[in-house]
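What's in entry.cif: mmCIF, C-alpha atoms, pLDDT in the B column; chains and numbers go by the auth columns
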```cif
data_data
#
loop_
_atom_site.group_PDB
_atom_site.id
_atom_site.type_symbol
_atom_site.label_atom_id
_atom_site.label_comp_id
_atom_site.label_asym_id
_atom_site.label_seq_id
_atom_site.Cartn_x
_atom_site.Cartn_y
_atom_site.Cartn_z
_atom_site.B_iso_or_equiv
_atom_site.auth_seq_id
_atom_site.auth_asym_id
ATOM 1 C CA MET A 1 39.001 -254.291 18.562 95.00 355 A
ATOM 2 C CA VAL A 2 37.923 -251.069 16.854 97.00 356 A
ATOM 3 C CA LYS A 3 39.045 -250.805 13.223 98.00 357 A
ATOM 4 C CA VAL A 4 39.518 -247.331 11.739 98.00 358 A
ATOM 5 C CA ILE A 5 40.441 -245.654 8.478 98.00 359 A
ATOM 6 C CA MET A 6 42.788 -242.693 9.008 98.00 360 A
ATOM 7 C CA HIS A 7 41.789 -239.917 6.580 98.00 361 A
ATOM 8 C CA GLY A 8 44.763 -237.611 6.170 96.00 362 A
ATOM 9 C CA CYS A 9 47.133 -240.252 7.523 97.00 363 A
ATOM 10 C CA ASN A 10 50.351 -238.626 6.311 96.00 364 A
ATOM 11 C CA GLY A 11 49.631 -235.187 7.725 93.00 365 A
ATOM 12 C CA LYS A 12 50.981 -234.081 11.107 91.00 366 A
ATOM 13 C CA MET A 13 47.921 -235.162 13.068 94.00 367 A
ATOM 14 C CA GLY A 14 47.546 -238.334 11.017 96.00 368 A
ATOM 15 C CA GLN A 15 51.048 -239.383 12.024 96.00 369 A
ATOM 16 C CA VAL A 16 50.465 -238.429 15.673 96.00 370 A
ATOM 17 C CA ILE A 17 47.363 -240.627 15.749 97.00 371 A
ATOM 18 C CA THR A 18 49.162 -243.436 13.922 97.00 372 A
ATOM 19 C CA LYS A 19 51.814 -243.551 16.659 97.00 373 A
ATOM 20 C CA LEU A 20 49.251 -243.357 19.466 97.00 374 A
ATOM 21 C CA ILE A 21 47.211 -246.212 18.014 97.00 375 A
ATOM 22 C CA GLU A 22 50.320 -248.375 17.686 96.00 376 A
ATOM 23 C CA GLU A 23 50.448 -248.344 21.494 96.00 377 A
ATOM 24 C CA ASP A 24 46.714 -248.970 22.015 96.00 378 A
ATOM 25 C CA SER A 25 45.544 -252.596 22.106 95.00 379 A
ATOM 26 C CA GLU A 26 41.863 -251.648 21.687 97.00 380 A
ATOM 27 C CA ILE A 27 42.076 -250.003 18.273 98.00 381 A
ATOM 28 C CA GLU A 28 43.915 -250.423 14.968 98.00 382 A
ATOM 29 C CA ILE A 29 44.236 -248.558 11.679 98.00 383 A
ATOM 30 C CA VAL A 30 43.262 -250.853 8.825 98.00 384 A
ATOM 31 C CA ALA A 31 43.874 -248.293 6.071 97.00 385 A
ATOM 32 C CA GLY A 32 44.968 -244.732 5.491 97.00 386 A
ATOM 33 C CA VAL A 33 43.922 -242.183 2.883 97.00 387 A
ATOM 34 C CA ASP A 34 46.162 -239.304 1.812 95.00 388 A
ATOM 35 C CA VAL A 35 46.944 -237.508 -1.430 91.00 389 A
ATOM 36 C CA SER A 36 50.607 -238.012 -0.548 86.00 390 A
ATOM 37 C CA ASP A 37 51.947 -241.544 -0.087 78.00 391 A
ATOM 38 C CA HIS A 38 55.539 -240.565 0.718 84.00 392 A
ATOM 39 C CA ILE A 39 55.417 -242.066 4.228 89.00 393 A
ATOM 40 C CA GLN A 40 55.623 -245.804 4.726 88.00 394 A
ATOM 41 C CA ASN A 41 53.029 -246.884 7.271 94.00 395 A
ATOM 42 C CA ALA A 42 52.269 -250.297 8.743 94.00 396 A
ATOM 43 C CA TYR A 43 48.865 -250.146 7.013 96.00 397 A
ATOM 44 C CA PRO A 44 47.991 -249.692 3.315 95.00 398 A
ATOM 45 C CA VAL A 45 47.631 -246.097 2.141 95.00 399 A
ATOM 46 C CA TYR A 46 45.259 -245.059 -0.663 95.00 400 A
ATOM 47 C CA THR A 47 45.563 -241.780 -2.519 94.00 401 A
ATOM 48 C CA SER A 48 41.777 -241.438 -2.802 93.00 402 A
ATOM 49 C CA LEU A 49 38.720 -242.500 -0.833 94.00 403 A
ATOM 50 C CA SER A 50 37.173 -244.076 -3.911 92.00 404 A
ATOM 51 C CA SER A 51 39.953 -246.661 -4.025 95.00 405 A
ATOM 52 C CA CYS A 52 39.746 -247.540 -0.327 96.00 406 A
ATOM 53 C CA ASP A 53 37.544 -250.583 0.257 94.00 407 A
ATOM 54 C CA ALA A 54 38.748 -251.490 3.769 96.00 408 A
ATOM 55 C CA GLU A 55 36.140 -252.657 6.284 96.00 409 A
ATOM 56 C CA ALA A 56 36.128 -250.317 9.281 98.00 410 A
ATOM 57 C CA ASP A 57 34.127 -249.296 12.343 98.00 411 A
ATOM 58 C CA ALA A 58 34.907 -245.584 11.943 98.00 412 A
ATOM 59 C CA VAL A 59 36.851 -243.012 9.953 98.00 413 A
ATOM 60 C CA ILE A 60 39.059 -240.518 11.781 98.00 414 A
ATOM 61 C CA ASP A 61 39.430 -237.374 9.686 97.00 415 A
ATOM 62 C CA PHE A 62 42.301 -234.930 10.043 94.00 416 A
ATOM 63 C CA ALA A 63 42.690 -233.947 6.390 92.00 417 A
ATOM 64 C CA SER A 64 41.551 -230.624 4.918 89.00 418 A
ATOM 65 C CA ALA A 65 38.288 -228.754 4.507 90.00 419 A
ATOM 66 C CA LYS A 66 38.304 -229.263 0.743 93.00 420 A
ATOM 67 C CA ALA A 67 38.183 -233.037 1.256 94.00 421 A
ATOM 68 C CA VAL A 68 35.245 -233.045 3.698 96.00 422 A
ATOM 69 C CA ASP A 69 32.393 -233.268 1.173 97.00 423 A
ATOM 70 C CA ALA A 70 33.818 -236.383 -0.489 97.00 424 A
ATOM 71 C CA LEU A 71 34.476 -237.900 2.930 98.00 425 A
ATOM 72 C CA LEU A 72 30.879 -237.396 4.074 98.00 426 A
ATOM 73 C CA ASP A 73 29.536 -238.961 0.874 98.00 427 A
ATOM 74 C CA TYR A 74 31.915 -241.905 1.330 98.00 428 A
ATOM 75 C CA CYS A 75 30.808 -242.509 4.929 98.00 429 A
ATOM 76 C CA VAL A 76 27.131 -242.333 3.969 98.00 430 A
ATOM 77 C CA GLU A 77 27.618 -244.733 1.073 97.00 431 A
ATOM 78 C CA ARG A 78 29.689 -247.201 3.122 97.00 432 A
ATOM 79 C CA GLN A 79 27.713 -246.605 6.350 98.00 433 A
ATOM 80 C CA ILE A 80 30.871 -246.001 8.357 98.00 434 A
ATOM 81 C CA PRO A 81 30.659 -243.609 11.336 98.00 435 A
ATOM 82 C CA CYS A 82 32.843 -240.525 10.936 98.00 436 A
ATOM 83 C CA VAL A 83 34.930 -238.636 13.504 98.00 437 A
ATOM 84 C CA LEU A 84 35.217 -235.287 11.723 97.00 438 A
ATOM 85 C CA CYS A 85 38.127 -233.269 13.139 92.00 439 A
ATOM 86 C CA THR A 86 38.818 -230.894 10.243 89.00 440 A
ATOM 87 C CA THR A 87 38.018 -227.244 11.048 81.00 441 A
ATOM 88 C CA GLY A 88 37.364 -224.171 8.910 80.00 442 A
ATOM 89 C CA LEU A 89 34.265 -225.595 7.212 88.00 443 A
ATOM 90 C CA SER A 90 32.009 -223.338 5.132 91.00 444 A
ATOM 91 C CA GLU A 91 28.325 -222.850 5.854 94.00 445 A
ATOM 92 C CA GLU A 92 27.549 -225.131 2.907 96.00 446 A
ATOM 93 C CA GLN A 93 29.792 -227.838 4.339 96.00 447 A
ATOM 94 C CA LEU A 94 28.224 -227.512 7.771 95.00 448 A
ATOM 95 C CA ALA A 95 24.854 -228.053 6.097 97.00 449 A
ATOM 96 C CA HIS A 96 26.328 -231.124 4.390 97.00 450 A
ATOM 97 C CA VAL A 97 27.488 -232.430 7.780 97.00 451 A
ATOM 98 C CA LYS A 98 23.961 -232.074 9.147 97.00 452 A
ATOM 99 C CA GLU A 99 22.464 -233.771 6.098 98.00 453 A
ATOM 100 C CA ALA A 100 24.934 -236.667 6.264 98.00 454 A
ATOM 101 C CA SER A 101 24.292 -237.153 9.991 98.00 455 A
ATOM 102 C CA GLN A 102 20.703 -238.055 9.166 98.00 456 A
ATOM 103 C CA LYS A 103 22.020 -241.124 7.329 98.00 457 A
ATOM 104 C CA VAL A 104 25.171 -242.089 9.254 98.00 458 A
ATOM 105 C CA ALA A 105 26.761 -241.335 12.631 98.00 459 A
ATOM 106 C CA VAL A 106 28.930 -238.184 12.468 98.00 460 A
ATOM 107 C CA LEU A 107 30.889 -236.768 15.382 98.00 461 A
ATOM 108 C CA ARG A 108 32.066 -233.216 14.805 94.00 462 A
ATOM 109 C CA SER A 109 34.044 -231.104 17.232 86.00 463 A
ATOM 110 C CA ALA A 110 36.005 -227.895 16.817 79.00 464 A
ATOM 111 C CA ASN A 111 38.550 -229.308 19.256 86.00 465 A
ATOM 112 C CA MET A 112 39.115 -232.965 20.065 91.00 466 A
ATOM 113 C CA SER A 113 40.784 -232.346 23.428 92.00 467 A
ATOM 114 C CA LEU A 114 38.823 -233.808 26.319 90.00 468 A
ATOM 115 C CA GLY A 115 40.023 -230.898 28.462 93.00 469 A
ATOM 116 C CA VAL A 116 38.629 -228.268 26.091 94.00 470 A
ATOM 117 C CA ASN A 117 35.294 -230.021 25.879 91.00 471 A
ATOM 118 C CA LEU A 118 35.064 -230.290 29.648 92.00 472 A
ATOM 119 C CA LEU A 119 35.869 -226.560 29.777 95.00 473 A
ATOM 120 C CA MET A 120 32.892 -225.887 27.509 93.00 474 A
ATOM 121 C CA LYS A 121 30.613 -227.671 29.954 90.00 475 A
ATOM 122 C CA LEU A 122 31.994 -225.623 32.852 94.00 476 A
ATOM 123 C CA LEU A 123 31.500 -222.379 30.937 95.00 477 A
ATOM 124 C CA LYS A 124 27.823 -223.137 30.383 92.00 478 A
ATOM 125 C CA GLU A 125 27.420 -223.374 34.156 92.00 479 A
ATOM 126 C CA ALA A 126 29.573 -220.397 35.140 95.00 480 A
ATOM 127 C CA SER A 127 28.580 -217.873 32.469 94.00 481 A
ATOM 128 C CA PRO A 128 25.038 -217.048 33.683 93.00 482 A
ATOM 129 C CA VAL A 129 26.278 -216.426 37.226 94.00 483 A
ATOM 130 C CA LEU A 130 29.155 -214.174 36.188 95.00 484 A
ATOM 131 C CA ALA A 131 27.287 -212.274 33.460 92.00 485 A
ATOM 132 C CA GLU A 132 24.438 -211.559 35.873 91.00 486 A
ATOM 133 C CA ALA A 133 27.033 -210.070 38.211 94.00 487 A
ATOM 134 C CA GLY A 134 28.184 -207.689 35.472 93.00 488 A
ATOM 135 C CA PHE A 135 31.333 -209.423 34.238 96.00 489 A
ATOM 136 C CA ASP A 136 32.541 -208.645 30.715 96.00 490 A
ATOM 137 C CA ILE A 137 33.570 -211.626 28.574 97.00 491 A
ATOM 138 C CA GLU A 138 36.688 -211.814 26.394 98.00 492 A
ATOM 139 C CA ILE A 139 38.404 -214.736 24.678 98.00 493 A
ATOM 140 C CA VAL A 140 42.074 -214.765 23.688 98.00 494 A
ATOM 141 C CA GLU A 141 43.453 -217.642 21.618 98.00 495 A
ATOM 142 C CA LYS A 142 47.066 -218.280 20.599 98.00 496 A
ATOM 143 C CA HIS A 143 48.383 -220.644 17.928 96.00 497 A
ATOM 144 C CA HIS A 144 51.502 -221.321 15.876 96.00 498 A
ATOM 145 C CA ASN A 145 52.442 -219.163 12.916 97.00 499 A
ATOM 146 C CA LEU A 146 51.389 -221.814 10.383 92.00 500 A
ATOM 147 C CA LYS A 147 47.706 -221.765 11.341 91.00 501 A
ATOM 148 C CA VAL A 148 45.769 -220.151 8.502 86.00 502 A
ATOM 149 C CA ASP A 149 42.333 -219.557 10.048 86.00 503 A
ATOM 150 C CA ALA A 150 41.566 -216.975 12.733 92.00 504 A
ATOM 151 C CA PRO A 151 39.958 -216.977 15.160 93.00 505 A
ATOM 152 C CA SER A 152 40.328 -220.657 15.864 91.00 506 A
ATOM 153 C CA GLY A 153 37.378 -222.996 15.674 86.00 507 A
ATOM 154 C CA THR A 154 37.924 -223.706 19.361 90.00 508 A
ATOM 155 C CA ALA A 155 37.639 -220.017 20.272 95.00 509 A
ATOM 156 C CA ILE A 156 34.310 -219.818 18.439 93.00 510 A
ATOM 157 C CA ALA A 157 33.143 -223.017 20.130 91.00 511 A
ATOM 158 C CA LEU A 158 34.028 -221.570 23.548 95.00 512 A
ATOM 159 C CA ALA A 159 32.133 -218.393 22.685 96.00 513 A
ATOM 160 C CA ASP A 160 29.171 -220.495 21.562 94.00 514 A
ATOM 161 C CA ALA A 161 29.264 -222.405 24.852 93.00 515 A
ATOM 162 C CA VAL A 162 28.955 -219.100 26.697 94.00 516 A
ATOM 163 C CA ASN A 163 26.338 -217.686 24.331 93.00 517 A
ATOM 164 C CA ASP A 164 24.172 -220.807 24.556 88.00 518 A
ATOM 165 C CA ALA A 165 23.457 -219.877 28.145 81.00 519 A
ATOM 166 C CA PHE A 166 21.989 -216.540 26.996 83.00 520 A
ATOM 167 C CA GLU A 167 19.893 -217.690 24.040 76.00 521 A
ATOM 168 C CA GLU A 168 22.456 -216.256 21.588 78.00 522 A
ATOM 169 C CA LYS A 169 22.054 -212.663 22.820 87.00 523 A
ATOM 170 C CA TYR A 170 25.764 -211.822 22.738 94.00 524 A
ATOM 171 C CA GLU A 171 27.517 -210.415 19.656 95.00 525 A
ATOM 172 C CA TYR A 172 31.005 -211.604 18.700 97.00 526 A
ATOM 173 C CA VAL A 173 33.506 -208.803 18.094 97.00 527 A
ATOM 174 C CA TYR A 174 36.821 -209.548 16.361 96.00 528 A
ATOM 175 C CA ASP A 175 38.219 -206.048 15.814 93.00 529 A
ATOM 176 C CA ARG A 176 37.732 -202.799 17.736 93.00 530 A
ATOM 177 C CA SER A 177 40.309 -200.725 15.828 92.00 531 A
ATOM 178 C CA GLU A 178 37.645 -198.601 14.103 90.00 532 A
ATOM 179 C CA ARG A 179 35.455 -198.121 17.155 89.00 533 A
ATOM 180 C CA ARG A 180 35.464 -195.113 19.464 92.00 534 A
ATOM 181 C CA GLU A 181 32.867 -196.005 22.050 92.00 535 A
ATOM 182 C CA ARG A 182 32.465 -197.724 25.375 93.00 536 A
ATOM 183 C CA ARG A 183 32.342 -201.483 25.352 94.00 537 A
ATOM 184 C CA PRO A 184 28.726 -202.713 25.102 92.00 538 A
ATOM 185 C CA LYS A 185 27.726 -205.281 27.694 90.00 539 A
ATOM 186 C CA LYS A 186 26.274 -207.799 25.263 93.00 540 A
ATOM 187 C CA GLU A 187 29.415 -208.674 23.365 96.00 541 A
ATOM 188 C CA ILE A 188 32.170 -211.262 23.509 97.00 542 A
ATOM 189 C CA GLY A 189 35.524 -210.028 22.272 97.00 543 A
ATOM 190 C CA ILE A 190 37.596 -212.678 20.481 98.00 544 A
ATOM 191 C CA SER A 191 41.287 -212.038 19.825 97.00 545 A
ATOM 192 C CA ALA A 192 43.761 -214.195 17.895 97.00 546 A
ATOM 193 C CA VAL A 193 47.537 -214.394 18.346 98.00 547 A
ATOM 194 C CA ARG A 194 49.763 -216.196 15.807 98.00 548 A
ATOM 195 C CA GLY A 195 53.406 -216.927 16.497 98.00 549 A
ATOM 196 C CA GLY A 196 56.161 -219.474 16.917 98.00 550 A
ATOM 197 C CA THR A 197 55.175 -223.049 17.635 96.00 551 A
ATOM 198 C CA ILE A 198 52.303 -222.481 20.089 96.00 552 A
ATOM 199 C CA VAL A 199 50.181 -225.635 19.894 93.00 553 A
ATOM 200 C CA GLY A 200 47.012 -224.057 21.252 94.00 554 A
ATOM 201 C CA ASP A 201 46.234 -221.692 24.154 96.00 555 A
ATOM 202 C CA HIS A 202 42.747 -220.483 25.014 98.00 556 A
ATOM 203 C CA ASP A 203 41.713 -218.067 27.771 98.00 557 A
ATOM 204 C CA VAL A 204 38.108 -217.165 28.525 98.00 558 A
ATOM 205 C CA ILE A 205 38.265 -214.021 30.637 98.00 559 A
ATOM 206 C CA PHE A 206 35.446 -212.789 32.855 98.00 560 A
ATOM 207 C CA ALA A 207 36.391 -209.250 33.900 98.00 561 A
ATOM 208 C CA GLY A 208 34.335 -207.692 36.666 97.00 562 A
ATOM 209 C CA ALA A 209 34.650 -204.800 39.066 95.00 563 A
ATOM 210 C CA ASP A 210 37.919 -205.319 40.974 97.00 564 A
ATOM 211 C CA GLU A 211 38.271 -208.994 40.059 97.00 565 A
ATOM 212 C CA VAL A 212 39.006 -211.190 37.055 98.00 566 A
ATOM 213 C CA ILE A 213 38.232 -214.867 36.624 98.00 567 A
ATOM 214 C CA THR A 214 39.998 -216.710 33.800 98.00 568 A
ATOM 215 C CA PHE A 215 39.247 -220.177 32.461 98.00 569 A
ATOM 216 C CA SER A 216 42.314 -221.469 30.631 97.00 570 A
ATOM 217 C CA HIS A 217 43.372 -224.427 28.559 97.00 571 A
ATOM 218 C CA ARG A 218 46.929 -225.083 27.331 96.00 572 A
ATOM 219 C CA ALA A 219 47.815 -227.766 24.814 94.00 573 A
ATOM 220 C CA TYR A 220 51.498 -228.691 24.996 94.00 574 A
ATOM 221 C CA SER A 221 51.465 -231.161 22.124 93.00 575 A
ATOM 222 C CA LYS A 222 49.176 -232.341 19.342 89.00 576 A
ATOM 223 C CA ALA A 223 48.832 -235.644 21.190 94.00 577 A
ATOM 224 C CA VAL A 224 45.955 -234.253 23.272 94.00 578 A
ATOM 225 C CA PHE A 225 43.871 -233.888 20.105 93.00 579 A
ATOM 226 C CA GLY A 226 44.872 -237.331 18.871 95.00 580 A
ATOM 227 C CA LYS A 227 43.909 -238.982 22.148 95.00 581 A
ATOM 228 C CA GLY A 228 40.498 -237.347 22.024 95.00 582 A
ATOM 229 C CA ALA A 229 39.964 -238.463 18.412 96.00 583 A
ATOM 230 C CA ILE A 230 40.888 -242.044 19.308 97.00 584 A
ATOM 231 C CA GLN A 231 38.489 -242.054 22.249 96.00 585 A
ATOM 232 C CA ALA A 232 35.797 -240.651 19.957 97.00 586 A
ATOM 233 C CA ALA A 233 36.393 -243.397 17.361 97.00 587 A
ATOM 234 C CA LYS A 234 35.994 -246.061 20.044 97.00 588 A
ATOM 235 C CA TYR A 235 32.765 -244.408 21.155 97.00 589 A
ATOM 236 C CA MET A 236 31.363 -244.170 17.605 97.00 590 A
ATOM 237 C CA LYS A 237 31.636 -247.875 16.813 97.00 591 A
ATOM 238 C CA GLY A 238 28.131 -249.174 16.141 96.00 592 A
ATOM 239 C CA LYS A 239 26.403 -245.837 16.770 97.00 593 A
ATOM 240 C CA PRO A 240 23.205 -245.110 14.819 97.00 594 A
ATOM 241 C CA ALA A 241 22.850 -242.145 12.477 98.00 595 A
ATOM 242 C CA GLY A 242 22.968 -238.794 14.215 97.00 596 A
ATOM 243 C CA LEU A 243 25.146 -235.776 14.950 97.00 597 A
ATOM 244 C CA TYR A 244 27.423 -236.339 17.928 97.00 598 A
ATOM 245 C CA ASN A 245 30.041 -234.241 19.731 92.00 599 A
ATOM 246 C CA MET A 246 32.700 -234.718 22.381 92.00 600 A
ATOM 247 C CA SER A 247 30.186 -234.111 25.162 87.00 601 A
ATOM 248 C CA ASN A 248 28.614 -237.424 24.191 91.00 602 A
ATOM 249 C CA VAL A 249 32.015 -239.076 24.537 92.00 603 A
ATOM 250 C CA ILE A 250 32.671 -237.476 27.930 87.00 604 A
ATOM 251 C CA ASP A 251 29.220 -238.400 29.261 83.00 605 A
ATOM 252 C CA GLY A 252 29.206 -241.821 27.599 77.00 606 A
ATOM 253 C CA GLU A 253 25.712 -241.172 26.254 68.00 607 A
#
```

What's the structure tokens form of this structure?
Amino acid sequence: MVKVIMHGCNGKMGQVITKLIEEDSEIEIVAGVDVSDHIQNAYPVYTSLSSCDAEADAVIDFASAKAVDALLDYCVERQIPCVLCTTGLSEEQLAHVKEASQKVAVLRSANMSLGVNLLMKLLKEASPVLAEAGFDIEIVEKHHNLKVDAPSGTAIALADAVNDAFEEKYEYVYDRSERRERRPKKEIGISAVRGGTIVGDHDVIFAGADEVITFSHRAYSKAVFGKGAIQAAKYMKGKPAGLYNMSNVIDGE
């Protein structure tokens, strides 16, 4: 049995994961942490990490960026592996993640969906072939109207997966409204759409002469992210210090 602390337990994703774990015999939530304790859960809920002394094999984090630094310090101090799902981190926080991973196991992913992470692996294989053949690369992402960051962390991660194959030679372009010139070859256009209740759509478009190849992922509910986080928590149990990602989970390495 894998025992986890749910950080951000009373948020939307925290509640999705709570319900998923209730139906999973291999994992249980031993404690939750949330600034709001208005929801009655089957596990104890603490309003701060400092007051949570539960013994756990991992922390699943779906809270907010402003809470990440305290979470990392907590996991290092308690030596509890962390599944870090919060996006929109600053450069300073990303440096903190790297520093913490030298002392405790940290898994960080811009998107916890297994499908998205498999897509990233496919893009690393396909991109060199298509770019060599002269295909232009564009990414379009769509999310609900409550999402505050743009472009999404997943869109950037998909762009990074492509760019990794070219030793970071491509430039990311988010706005062409002020440009009056032909599209350079060494760029990846990234566009964001915000509206309605779209959970998460991502298209990576390779546009060539007389043909277009599109790699797409559609999330129809938040459960896909919760399932990935749960699988990651199971994987992280007992892992030594280091920085992990969902590719490790997929490969079982």

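The coordinates place CA of Ile493 (chain A) at 10.1 Å from CA of Val527 (chain A).
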
Self-check item: Matched chain/residue IDs from the PyMOL selection byres ((chain A and resi 495-498) around 12), as a ChimeraX atom specification
Solution: /A:492-494,499-513,528,543-559,569-576

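Between Asp427 (chain A) and the residues A:Gln585, A:Ile414, A:Glu445, A:Ala454, the shortest atom-to-atom distance, using all atoms listed in the file, involves A:Ala454.
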
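Each of A:Val437, A:Ala577, A:Leu425, A:Met355 was checked against Val370 (chain A) using all atoms listed in the file; the smallest atom-to-atom distance is that of A:Ala577.
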
Quiz prompt | Residue IDs satisfying the PyMOL selection byres ((chain A and resi 462-468) around 10), as JSON, numbers by chain | solution = {"A": [415, 436, 437, 438, 439, 440, 441, 442, 448, 451, 452, 455, 459, 460, 461, 469, 470, 471, 472, 473, 474, 506, 507, 508, 509, 510, 511, 512, 571, 573, 576, 577, 578, 579, 580, 581, 582, 583, 584, 585, 586, 597, 598, 599, 600, 601, 603, 604]}

Quiz prompt | Selection result of the PyMOL selection byres ((chain A and resi 562) around 10) on this file, as an MDAnalysis selection string | solution = chainID A and resid 484:485 487:491 559:561 563:567

Non-local contacts of Lys588 (chain A) (9 Å; only C-alpha atoms; under 6 positions in same chain excluded) as a short mmCIF file (atom, residue, chain, number, x, y, z; two decimals) with C-alpha atoms, in the frame of the given file:
```cif
data_model
loop_
_atom_site.label_atom_id
_atom_site.label_comp_id
_atom_site.auth_asym_id
_atom_site.auth_seq_id
_atom_site.Cartn_x
_atom_site.Cartn_y
_atom_site.Cartn_z
CA MET A 355 39.00 -254.29 18.56
CA VAL A 356 37.92 -251.07 16.85
CA LYS A 357 39.04 -250.80 13.22
CA GLU A 380 41.86 -251.65 21.69
CA ILE A 381 42.08 -250.00 18.27
CA ASP A 411 34.13 -249.30 12.34
CA ALA A 412 34.91 -245.58 11.94
#
```

Quiz item: If we count only C-alpha atoms, what is near Ala424 (chain A) at a cut-off of 12 Å, once residues fewer than 4 positions away on the same chain are taken out, given as a ChimeraX atom specification?
Solution: /A:361,402-404,415,417-420,428-431,447,450-451,454

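Picture a line from CA of Asp514 (chain A) to CA of Ser481 (chain A); it runs 11.2 Å.
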
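Note that CA of Val516 (chain A) and CA of Glu532 (chain A) are 25.6 Å apart.
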
Val399 (chain A) environment, 7 Å, all atoms listed in the file, sequence neighbours closer than 6 positions dropped, as a compact mmCIF listing (two decimals) with C-alpha atoms, in the frame of the given file:
```
# COMPACT_ATOMS: atom_id res chain seq x y z
CA ALA A 385 43.87 -248.29 6.07
CA GLY A 386 44.97 -244.73 5.49
CA VAL A 387 43.92 -242.18 2.88
CA ASP A 388 46.16 -239.30 1.81
CA ASP A 391 51.95 -241.54 -0.09
```

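Checking A:Gln394, A:Thr568, A:Gln433, A:Ser444 one by one against Asn364 (chain A), counting only C-alpha atoms, you find the shortest gap at A:Gln394.
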
Box for region 580-597 of chain A: with edges along x, y and z, all listed atoms inside and 4 Å added on each side, what are the centre and edge lengths in Å to one decimal, as lines of an AutoDock Vina configuration file?
```
center_x = 33.9
center_y = -242.5
center_z = 17.4
size_x = 30.0
size_y = 21.4
size_z = 17.8
```
